[in-house]
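This is start-v6.txt (compact mmCIF, C-alpha atoms).
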```
# COMPACT_ATOMS: atom_id res chain seq x y z
CA MET M 349 3.20 -17.32 -12.93
CA SER M 350 0.67 -15.05 -14.51
CA GLN M 351 -1.46 -12.12 -13.48
CA LYS M 352 -4.99 -11.84 -14.78
CA THR M 353 -8.55 -10.82 -14.08
CA GLY M 354 -11.81 -11.96 -15.57
CA LYS M 355 -14.91 -10.19 -16.74
CA GLY M 356 -17.86 -10.15 -14.38
CA ASP M 357 -15.85 -10.78 -11.21
CA PRO M 358 -15.41 -8.31 -8.32
CA MET M 359 -11.84 -7.52 -9.35
CA THR M 360 -12.95 -6.35 -12.79
CA GLU M 361 -15.61 -4.14 -11.23
CA LEU M 362 -13.01 -2.71 -8.87
CA ASN M 363 -10.65 -2.01 -11.78
CA LEU M 364 -13.43 -0.22 -13.69
CA GLN M 365 -14.25 1.89 -10.64
CA ARG M 366 -10.59 2.68 -10.13
CA ASP M 367 -10.11 3.65 -13.79
CA ALA M 368 -13.13 5.95 -13.57
CA GLY M 369 -11.69 7.50 -10.42
CA VAL M 370 -8.32 8.05 -12.11
CA LEU M 371 -10.07 9.71 -15.07
CA ARG M 372 -11.98 12.04 -12.76
CA LEU M 373 -8.74 12.87 -10.95
CA HIS M 374 -6.97 13.70 -14.23
CA LEU M 375 -9.84 15.97 -15.29
CA LEU M 376 -9.82 17.70 -11.92
CA VAL M 377 -6.04 18.23 -12.04
CA THR M 378 -6.25 19.62 -15.59
CA VAL M 379 -9.02 22.08 -14.75
CA SER M 380 -7.24 23.12 -11.55
CA ALA M 381 -3.94 23.65 -13.37
CA VAL M 382 -5.59 25.90 -15.99
CA THR M 383 -7.39 27.88 -13.30
CA LEU M 384 -4.21 28.28 -11.25
CA ALA M 385 -2.24 29.41 -14.29
CA ASN M 386 -4.78 32.18 -14.93
CA VAL M 387 -4.81 33.23 -11.27
CA ILE M 388 -1.00 33.28 -11.13
CA GLY M 389 -0.86 35.47 -14.20
CA ILE M 390 -3.35 37.92 -12.70
CA CYS M 391 -1.53 38.01 -9.36
CA SER M 392 1.85 38.51 -11.01
CA ALA M 393 0.51 41.42 -13.06
CA THR M 394 -1.03 42.96 -9.95
CA ALA M 395 2.24 42.59 -8.05
CA ALA M 396 4.15 44.33 -10.83
CA GLU M 397 1.78 47.29 -10.64
CA GLU M 398 1.40 47.55 -6.84
CA GLY M 399 4.68 46.13 -5.46
CA GLY M 400 4.98 44.71 -1.95
CA HIS M 401 4.96 41.17 -0.63
CA PRO M 402 1.94 38.86 -0.11
CA THR M 403 0.66 38.28 3.40
CA VAL M 404 -1.32 35.13 2.48
CA TRP M 405 -0.04 32.20 0.42
CA ILE M 406 -2.30 29.48 -0.94
CA GLU M 407 -0.48 26.33 -2.06
CA VAL M 408 -1.72 23.20 -3.84
CA GLY M 409 0.21 20.25 -5.21
CA GLY M 410 0.58 16.54 -5.63
CA GLN M 411 3.00 13.77 -4.77
CA LEU M 412 4.02 10.29 -5.86
CA GLU M 413 5.21 8.44 -2.77
CA ARG M 414 6.70 5.05 -2.13
CA ASN M 415 4.77 3.16 0.57
CA ASP M 416 7.26 1.59 2.95
CA VAL M 417 5.04 -0.81 4.90
CA SER M 418 4.72 -4.59 4.70
CA HIS M 419 1.91 -6.70 6.18
CA GLU M 420 2.46 -10.15 7.59
CA ILE M 421 1.84 -12.82 4.95
CA PHE M 422 -1.18 -15.09 5.40
CA ALA M 423 0.30 -18.60 5.07
CA PRO M 424 -2.13 -21.43 5.98
CA PRO M 425 -0.58 -24.75 7.14
CA PHE M 426 -0.94 -26.37 3.71
CA PHE M 427 1.82 -24.04 2.43
CA GLN M 428 4.36 -26.50 3.84
CA TYR M 429 3.23 -29.14 1.33
CA ALA M 430 3.11 -26.87 -1.75
CA GLU M 431 5.78 -26.49 -4.39
CA PRO M 432 7.98 -23.35 -3.98
CA ASP M 433 6.71 -21.76 -7.20
CA ASP M 434 3.09 -22.40 -6.21
CA ASN M 435 3.75 -20.79 -2.84
CA GLN M 436 5.35 -17.83 -4.57
CA ALA M 437 2.15 -17.24 -6.51
CA MET M 438 0.06 -17.30 -3.34
CA THR M 439 2.40 -15.02 -1.37
CA GLY M 440 3.26 -12.64 -4.21
CA ALA M 441 -0.40 -11.72 -4.71
CA GLN M 442 -0.55 -10.53 -1.10
CA GLN M 443 1.94 -7.72 -1.63
CA GLY M 444 0.13 -4.40 -1.22
CA PRO M 445 0.45 -1.33 -3.44
CA ASN M 446 3.99 0.01 -3.67
CA TYR M 447 3.11 3.63 -4.49
CA SER M 448 0.43 6.09 -3.51
CA LEU M 449 -0.72 9.13 -5.47
CA GLY M 450 -2.26 12.06 -3.66
CA GLY M 451 -2.72 15.76 -3.23
CA GLU M 452 -1.87 18.44 -0.71
CA GLY M 453 -2.86 21.96 0.22
CA LYS M 454 -1.54 24.66 2.51
CA VAL M 455 -2.52 28.16 3.62
CA THR M 456 0.20 30.38 5.12
CA ILE M 457 -0.36 33.77 6.77
CA ALA M 458 2.56 36.12 7.36
CA PRO M 459 1.22 39.38 8.89
CA GLU M 460 2.78 42.54 7.48
CA GLY M 461 5.48 44.02 9.69
CA SER M 462 5.84 40.82 11.75
CA ASP M 463 8.26 37.90 11.81
CA TRP M 464 5.49 35.47 12.77
CA VAL M 465 4.17 32.87 10.32
CA PHE M 466 0.98 30.84 10.76
CA SER M 467 -0.04 27.89 8.57
CA VAL M 468 -2.43 24.99 8.17
CA ALA M 469 -1.53 22.16 5.77
CA ALA M 470 -3.10 18.86 4.70
CA LYS M 471 -1.82 15.86 2.70
CA TYR M 472 -3.78 12.89 1.41
CA GLY M 473 -2.58 9.78 -0.41
CA ARG M 474 -4.33 6.64 -1.63
CA ALA M 475 -3.38 3.44 -3.45
CA ASN M 476 -5.29 0.35 -4.61
CA THR M 477 -4.27 -2.85 -6.33
CA SER M 478 -5.88 -6.11 -7.46
CA LYS M 479 -3.98 -9.25 -8.43
CA HIS M 480 -4.69 -12.75 -9.68
CA PHE M 481 -1.68 -15.09 -9.65
CA HIS M 482 -1.86 -18.73 -10.74
CA HIS M 483 0.92 -21.27 -11.05
CA GLU M 484 0.82 -24.97 -11.90
CA SER M 485 3.59 -27.44 -11.19
CA ALA M 486 4.26 -30.66 -13.09
CA GLY M 487 1.80 -33.49 -12.47
CA LEU M 488 2.49 -37.08 -11.64
CA ALA M 489 4.58 -39.26 -13.93
CA PRO M 490 2.70 -41.82 -16.11
CA GLN M 491 1.57 -44.96 -14.31
CA TYR M 492 1.07 -48.44 -15.82
CA PHE M 493 -1.53 -51.11 -15.34
CA THR M 494 0.11 -54.53 -15.25
CA LEU M 495 -1.06 -58.03 -15.93
CA GLY M 496 1.04 -61.05 -15.09
CA GLY M 497 3.80 -58.70 -14.00
CA ASN M 498 3.99 -56.95 -17.39
CA PRO M 499 2.70 -53.41 -18.12
CA PHE M 500 0.00 -53.39 -20.76
CA LEU M 501 -1.74 -49.99 -20.41
CA GLN M 502 -0.30 -46.56 -19.67
CA TYR M 503 -2.32 -44.15 -17.50
CA THR M 504 -1.33 -40.49 -17.20
CA PRO M 505 -2.98 -38.65 -14.27
CA ALA M 506 -4.80 -35.56 -15.56
CA PHE M 507 -4.64 -33.57 -12.35
CA ARG M 508 -1.86 -31.12 -11.51
CA VAL M 509 -0.76 -29.44 -8.30
CA PHE M 510 -1.24 -25.68 -8.30
CA GLY M 511 -1.46 -22.48 -6.29
CA ASP M 512 -3.97 -19.72 -7.07
CA ALA M 513 -4.47 -16.37 -5.33
CA GLN M 514 -6.89 -13.51 -5.90
CA ALA M 515 -6.23 -10.39 -3.83
CA VAL M 516 -7.63 -6.88 -3.57
CA SER M 517 -5.89 -4.41 -1.25
CA GLY M 518 -5.76 -0.69 -0.60
CA ALA M 519 -4.15 1.88 1.67
CA SER M 520 -4.62 5.55 2.46
CA HIS M 521 -3.14 8.23 4.71
CA PHE M 522 -4.22 11.70 5.81
CA ILE M 523 -1.95 14.23 7.55
CA LEU M 524 -3.08 17.58 8.99
CA ASP M 525 -0.71 20.21 10.45
CA PHE M 526 -1.31 23.43 12.38
CA ARG M 527 1.81 25.55 12.94
CA ALA M 528 2.84 28.89 14.40
CA GLY M 529 6.42 29.99 13.77
CA LYS M 530 8.85 32.87 13.80
CA ASP M 531 11.53 33.85 11.31
CA VAL M 532 14.68 33.67 13.40
CA GLY M 533 17.09 33.98 10.47
CA LEU M 534 16.72 37.73 9.95
CA GLY M 535 18.38 37.44 6.56
CA MET M 536 21.29 35.38 7.88
CA PHE M 537 21.55 33.62 4.48
CA GLY M 538 21.31 36.87 2.55
CA HIS M 539 18.56 39.14 1.26
CA GLY M 540 15.33 37.23 0.58
CA SER M 541 16.28 34.26 2.74
CA SER M 542 14.28 32.91 5.68
CA SER M 543 14.70 30.52 8.59
CA VAL M 544 11.43 29.77 10.36
CA VAL M 545 11.20 27.71 13.56
CA SER M 546 7.65 26.55 14.29
CA GLY M 547 5.73 24.67 16.91
CA GLY M 548 2.39 23.08 16.27
CA VAL M 549 0.08 20.10 16.28
CA ARG M 550 0.04 17.18 13.81
CA PHE M 551 -2.83 14.76 13.22
CA ALA M 552 -2.20 11.54 11.26
CA GLN M 553 -4.48 8.74 10.13
CA PHE M 554 -3.48 5.55 8.28
CA ALA M 555 -5.82 2.85 6.96
CA SER M 556 -5.44 -0.34 4.93
CA SER M 557 -7.66 -3.20 3.76
CA SER M 558 -6.94 -6.68 2.38
CA HIS M 559 -9.24 -9.28 0.79
CA LEU M 560 -7.67 -12.58 -0.24
CA THR M 561 -8.88 -15.93 -1.61
CA LEU M 562 -6.50 -18.87 -2.05
CA HIS M 563 -7.10 -22.13 -3.93
CA ALA M 564 -4.46 -24.83 -3.88
CA ARG M 565 -3.81 -28.47 -4.63
CA PRO M 566 -0.47 -28.76 -2.84
CA ARG M 567 -0.12 -32.51 -3.21
CA GLN M 568 -1.46 -35.59 -4.89
CA GLN M 569 -0.27 -39.15 -4.59
CA VAL M 570 -0.67 -42.55 -6.22
CA THR M 571 -2.17 -45.41 -4.24
CA THR M 572 -1.78 -48.99 -5.46
CA LYS M 573 -4.16 -51.93 -5.32
CA TYR M 574 -1.97 -54.93 -6.04
CA ASN M 575 -2.59 -58.62 -6.55
CA PRO M 576 0.83 -60.34 -6.90
CA GLY M 577 1.39 -62.03 -10.22
CA ALA M 578 -1.98 -60.96 -11.61
CA TYR M 579 -2.66 -57.28 -11.91
CA ARG M 580 -1.84 -53.83 -10.50
CA VAL M 581 -4.40 -50.97 -10.40
CA TYR M 582 -3.61 -47.34 -9.58
CA THR M 583 -5.85 -44.67 -8.04
CA ILE M 584 -5.04 -41.01 -7.42
CA ALA M 585 -5.54 -39.25 -4.06
CA ARG M 586 -5.76 -35.45 -4.20
CA HIS M 587 -5.74 -32.86 -1.43
CA THR M 588 -7.40 -29.55 -2.35
CA TYR M 589 -7.71 -26.48 -0.12
CA THR M 590 -9.49 -23.14 -0.07
CA ALA M 591 -8.56 -20.29 2.29
CA THR M 592 -9.96 -16.78 2.72
CA PHE M 593 -8.61 -13.78 4.59
CA HIS M 594 -10.08 -10.31 5.16
CA ALA M 595 -8.54 -7.51 7.25
CA GLN M 596 -9.17 -3.86 8.08
CA ARG M 597 -6.43 -1.91 9.87
CA ASP M 598 -6.20 1.71 10.94
CA THR M 599 -4.22 4.02 13.18
CA HIS M 600 -5.07 7.57 14.15
CA ALA M 601 -2.91 9.78 16.36
CA VAL M 602 -2.30 13.42 17.27
CA GLY M 603 0.50 15.24 19.07
CA PRO M 604 2.91 18.19 19.25
CA SER M 605 5.39 18.94 16.49
CA LEU M 606 8.52 21.08 16.08
CA SER M 607 9.85 22.11 12.67
CA TRP M 608 12.47 24.21 10.91
CA ASP M 609 11.93 25.54 7.39
CA GLY M 610 14.54 27.47 5.46
CA SER M 611 14.90 29.17 2.09
CA LEU M 612 18.05 30.41 0.39
CA PRO M 613 18.06 32.46 -2.84
CA ILE M 614 20.55 31.06 -5.36
CA ALA M 615 19.69 33.08 -8.49
CA GLY M 616 17.61 36.07 -9.63
CA SER M 617 16.07 38.81 -7.52
CA ASP M 618 12.79 39.64 -5.80
CA ASN M 619 11.79 42.00 -8.62
CA ASP M 620 12.13 39.30 -11.27
CA VAL M 621 12.18 35.53 -11.37
CA ALA M 622 14.18 34.18 -8.43
CA VAL M 623 15.37 30.64 -7.80
CA HIS M 624 15.48 29.43 -4.18
CA LEU M 625 16.75 26.33 -2.44
CA ASP M 626 14.14 25.31 0.16
CA TRP M 627 14.40 22.73 2.92
CA GLY M 628 12.58 21.58 6.00
CA LEU M 629 12.95 19.26 8.98
CA MET M 630 10.24 18.19 11.41
CA GLY M 631 9.81 15.97 14.43
CA ALA M 632 6.64 15.00 16.29
CA VAL M 633 5.38 12.65 18.96
CA LEU M 634 1.86 11.40 18.26
CA PHE M 635 -0.51 9.72 20.70
CA GLY M 636 -3.36 7.58 19.40
CA ARG M 637 -4.83 4.12 18.84
CA GLN M 638 -4.26 1.14 16.55
CA LYS M 639 -7.09 -1.13 15.47
CA VAL M 640 -7.22 -4.43 13.59
CA ASN M 641 -10.27 -6.45 12.52
CA SER M 642 -9.66 -9.61 10.52
CA ASP M 643 -11.27 -12.93 9.60
CA HIS M 644 -9.72 -16.02 8.07
CA GLN M 645 -10.79 -19.57 7.33
CA VAL M 646 -9.29 -22.73 5.77
CA SER M 647 -11.30 -25.61 4.31
CA GLY M 648 -10.52 -28.55 2.06
CA ARG M 649 -11.43 -31.84 0.46
CA TYR M 650 -9.78 -35.21 0.08
CA VAL M 651 -10.61 -36.97 -3.20
CA LYS M 652 -9.56 -40.50 -4.06
CA GLY M 653 -10.04 -42.11 -7.45
CA VAL M 654 -11.85 -40.54 -10.38
CA ALA M 655 -15.30 -39.82 -8.97
CA SER M 656 -15.25 -40.81 -5.31
CA GLY M 657 -14.64 -38.26 -2.60
CA SER M 658 -15.19 -37.47 1.03
CA LEU M 659 -14.90 -34.55 3.40
CA VAL M 660 -11.48 -34.14 4.90
CA SER M 661 -10.92 -36.59 7.72
CA ASN M 662 -7.28 -37.64 7.49
CA TYR M 663 -5.84 -34.45 6.04
CA PRO M 664 -2.15 -33.69 6.55
CA THR M 665 -3.34 -30.40 8.05
CA ALA M 666 -6.83 -30.31 9.47
CA PRO M 667 -9.25 -27.64 8.24
CA GLN M 668 -9.58 -24.58 10.44
CA ALA M 669 -12.80 -23.10 11.77
CA PRO M 670 -13.45 -19.43 10.98
CA MET M 671 -11.34 -17.19 13.18
CA HIS M 672 -12.10 -13.56 14.00
CA VAL M 673 -9.41 -11.26 15.37
CA HIS M 674 -10.02 -7.85 16.96
CA ARG M 675 -7.26 -5.79 18.54
CA SER M 676 -7.28 -2.20 19.78
CA ARG M 677 -4.40 -0.59 21.61
CA SER M 678 -3.13 2.86 22.60
CA VAL M 679 0.19 3.75 20.99
CA VAL M 680 2.89 6.43 20.95
CA VAL M 681 4.22 7.11 17.44
CA PRO M 682 7.49 9.05 16.96
CA ASN M 683 7.55 10.88 13.63
CA ILE M 684 10.36 12.49 11.63
CA ALA M 685 10.08 14.18 8.23
CA GLY M 686 12.15 16.28 5.88
CA PHE M 687 12.20 17.72 2.39
CA ALA M 688 14.42 19.55 -0.08
CA ALA M 689 13.15 21.51 -3.08
CA VAL M 690 13.99 24.06 -5.72
CA SER M 691 11.43 26.85 -6.14
CA PHE M 692 10.95 29.33 -8.96
CA ARG M 693 9.45 32.55 -7.61
CA LEU M 694 7.69 35.61 -8.90
CA PRO M 695 6.54 38.36 -6.53
CA HIS M 696 3.09 36.78 -6.13
CA SER M 697 3.57 33.17 -7.24
CA LYS M 698 5.85 30.20 -6.78
CA ILE M 699 6.42 26.75 -8.29
CA SER M 700 8.34 24.14 -6.27
CA LEU M 701 9.79 20.77 -7.26
CA GLY M 702 11.35 18.54 -4.63
CA TYR M 703 11.69 15.29 -2.74
CA ARG M 704 10.58 14.43 0.79
CA GLY M 705 10.35 11.63 3.29
CA ASP M 706 7.92 11.12 6.18
CA PHE M 707 8.34 8.23 8.65
CA TYR M 708 6.11 7.02 11.51
CA PHE M 709 7.74 4.48 13.80
CA ASP M 710 5.70 1.44 14.96
CA ALA M 711 2.59 3.14 13.61
CA MET M 712 0.66 0.20 12.13
CA ASP M 713 -0.26 -3.21 13.51
CA VAL M 714 0.47 -5.55 10.56
CA GLY M 715 0.18 -8.86 12.43
CA LEU M 716 -2.30 -11.69 11.81
CA ASN M 717 -3.14 -13.56 15.02
CA ALA M 718 -0.77 -11.54 17.21
CA ARG M 719 0.22 -7.90 17.33
CA LYS M 720 3.20 -6.92 15.18
CA ASN M 721 4.12 -3.26 14.77
CA SER M 722 5.63 -1.86 11.60
CA THR M 723 7.10 1.51 10.67
CA ILE M 724 5.23 3.40 7.95
CA GLY M 725 7.28 5.47 5.52
CA TYR M 726 6.26 7.69 2.60
CA TYR M 727 8.94 9.14 0.38
CA GLY M 728 9.14 10.42 -3.16
CA PRO M 729 8.93 13.47 -5.46
CA PHE M 730 6.38 16.25 -5.11
CA ALA M 731 5.40 19.44 -6.92
CA THR M 732 3.43 22.47 -5.66
CA VAL M 733 2.09 25.73 -7.06
CA SER M 734 1.54 28.72 -4.75
CA ILE M 735 -0.13 32.08 -5.20
CA GLY M 736 0.21 35.11 -2.93
CA LEU M 737 -2.60 37.42 -1.91
CA GLY M 738 -2.41 40.83 -0.26
CA ARG M 739 0.66 42.96 0.28
```

What would the structure in this file look like if it were written as structure tokens?
Amino acid sequence: MSQKTGKGDPMTELNLQRDAGVLRLHLLVTVSAVTLANVIGICSATAAEEGGHPTVWIEVGGQLERNDVSHEIFAPPFFQYAEPDDNQAMTGAQQGPNYSLGGEGKVTIAPEGSDWVFSVAAKYGRANTSKHFHHESAGLAPQYFTLGGNPFLQYTPAFRVFGDAQAVSGASHFILDFRAGKDVGLGMFGHGSSSVVSGGVRFAQFASSSHLTLHARPRQQVTTKYNPGAYRVYTIARHTYTATFHAQRDTHAVGPSLSWDGSLPIAGSDNDVAVHLDWGLMGAVLFGRQKVNSDHQVSGRYVKGVASGSLVSNYPTAPQAPMHVHRSRSVVVPNIAGFAAVSFRLPHSKISLGYRGDFYFDAMDVGLNARKNSTIGYYGPFATVSIGLGR
């Protein structure tokens, strides 16, 4: 099995576009990091001169998340005649991206002299992949022409059975949170600690796309024209198929959320660098709609001999007419999320490194011809940089 792409085809163009996008992202991250470093330095110096605590926090960051969602495999009827390794090539190419890379931002307002905390936060992640898998299995054994019952000429069929798949797929997600909370800890974990219980609204949108082309020769066979005692002539019959599949899926939902965020100082002090252990838990119930639009088609040819051929008439599996599928359905999506992080804090700045998971149950319709719900999960490491304004 091999993975490859060729120049001048749509996959190559997609790869070039993706590489350009990655380069732009790296440049943007670099410029943003330099700018943030300068702002943090200025804010830290200001805090040292003026004292006090910020009332507004601006946070930006990024995450690398594992995508825990699997779409139903498109397996046309001719798969039952293909060799296992050929099938593996055609199914393996359909696996979507395993990881998404994205960014996040958050603005938090904590009015002076109040235990209330208000925030708005957004997360975005995206992943794309293109694959070309091809596998050939061994061809037919050599055949012999005979004359008078004795072989006199060896003929080796030149055609092999194979499976070939070209796939382009992508996925994205966008999460938006509005929260209002109150610090109910009142220093219960010590000076500088917090325990904020919040209620709010969460909006979530998930989208994926798949474009697949399959080519396969799952079987070929030898037919014999025989005249007893005189001669034997062999011809080769080949069955060749082409299948295409395209799908667009999305889910968008909104609903109430309840969360608990805590922070516990484990080293340092507020007047110098302090190290905190941060954590958070959240639950939500989202109400929205799932949509699926897909098209797929199977066609083929039956070829007998070297040059003769005809459209499929006696195929083992008849060709399929183009099929269009559209589904739209209201859904209720339970959601749970949590994170743990270590943060390094100055009076007016903070850097956090941590790990989080975010799971949406039965959020995406991943079926082909019938509805099939799947849980979507995103989990992995993240890093954020925050600056504080005001006092």

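Across M:Ala555, M:Val673, M:Ala469, M:Val455, the tightest approach to Gly715 (chain M) is made by M:Val673 when counting all atoms listed in the file.
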
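Here CA of Gln638 (chain M) stands at a distance of 6.7 Å from CA of Met712 (chain M).
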
Atom pair CA of Ser734 (chain M) / CA of Ser691 (chain M): separation (Å)
10.2 Å

Under the rule that all atoms listed in the file are counted, which of M:Ser556, M:Ser605, M:Asn641, M:Asn717 is the nearest residue to Pro682 (chain M)?
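Looking only at the distances to Pro682 (chain M), the closest residue turns out to be M:Ser605.
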
Just the residues within 12 Å of Gln645 (chain M), please, counting only C-alpha atoms, with nothing from its chain fewer than 2 positions along; format it as a PyMOL selection string.
chain M and resi 422-425+560-562+589-594+642-643+647-648+666-673

Separation of CA of Leu737 (chain M) from CA of Gly702 (chain M), in Å and rounded to one decimal
23.6 Å

Nearest to Ile406 (chain M): which of M:Arg719, M:His674, M:Lys698, M:His482 is it, counting only C-alpha atoms?
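Ranked by minimum distance to Ile406 (chain M), first place goes to M:Lys698.
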
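Residues in contact with Gly451 (chain M) at 8 Å, where all atoms listed in the file are counted and same-chain residues fewer than 3 positions away are skipped, are listed as Val408, Gly409, Gly410, Gln411, Lys471, Tyr472 and Gly473 of chain M.
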
Go ahead and save the residues from that selection, with C-alpha atoms, as a short mmCIF file (atom, residue, chain, number, x, y, z; two decimals), in the frame of the given file.
```
data_model
loop_
_atom_site.label_atom_id
_atom_site.label_comp_id
_atom_site.auth_asym_id
_atom_site.auth_seq_id
_atom_site.Cartn_x
_atom_site.Cartn_y
_atom_site.Cartn_z
CA VAL M 408 -1.72 23.20 -3.84
CA GLY M 409 0.21 20.25 -5.21
CA GLY M 410 0.58 16.54 -5.63
CA GLN M 411 3.00 13.77 -4.77
CA LYS M 471 -1.82 15.86 2.70
CA TYR M 472 -3.78 12.89 1.41
CA GLY M 473 -2.58 9.78 -0.41
#
```
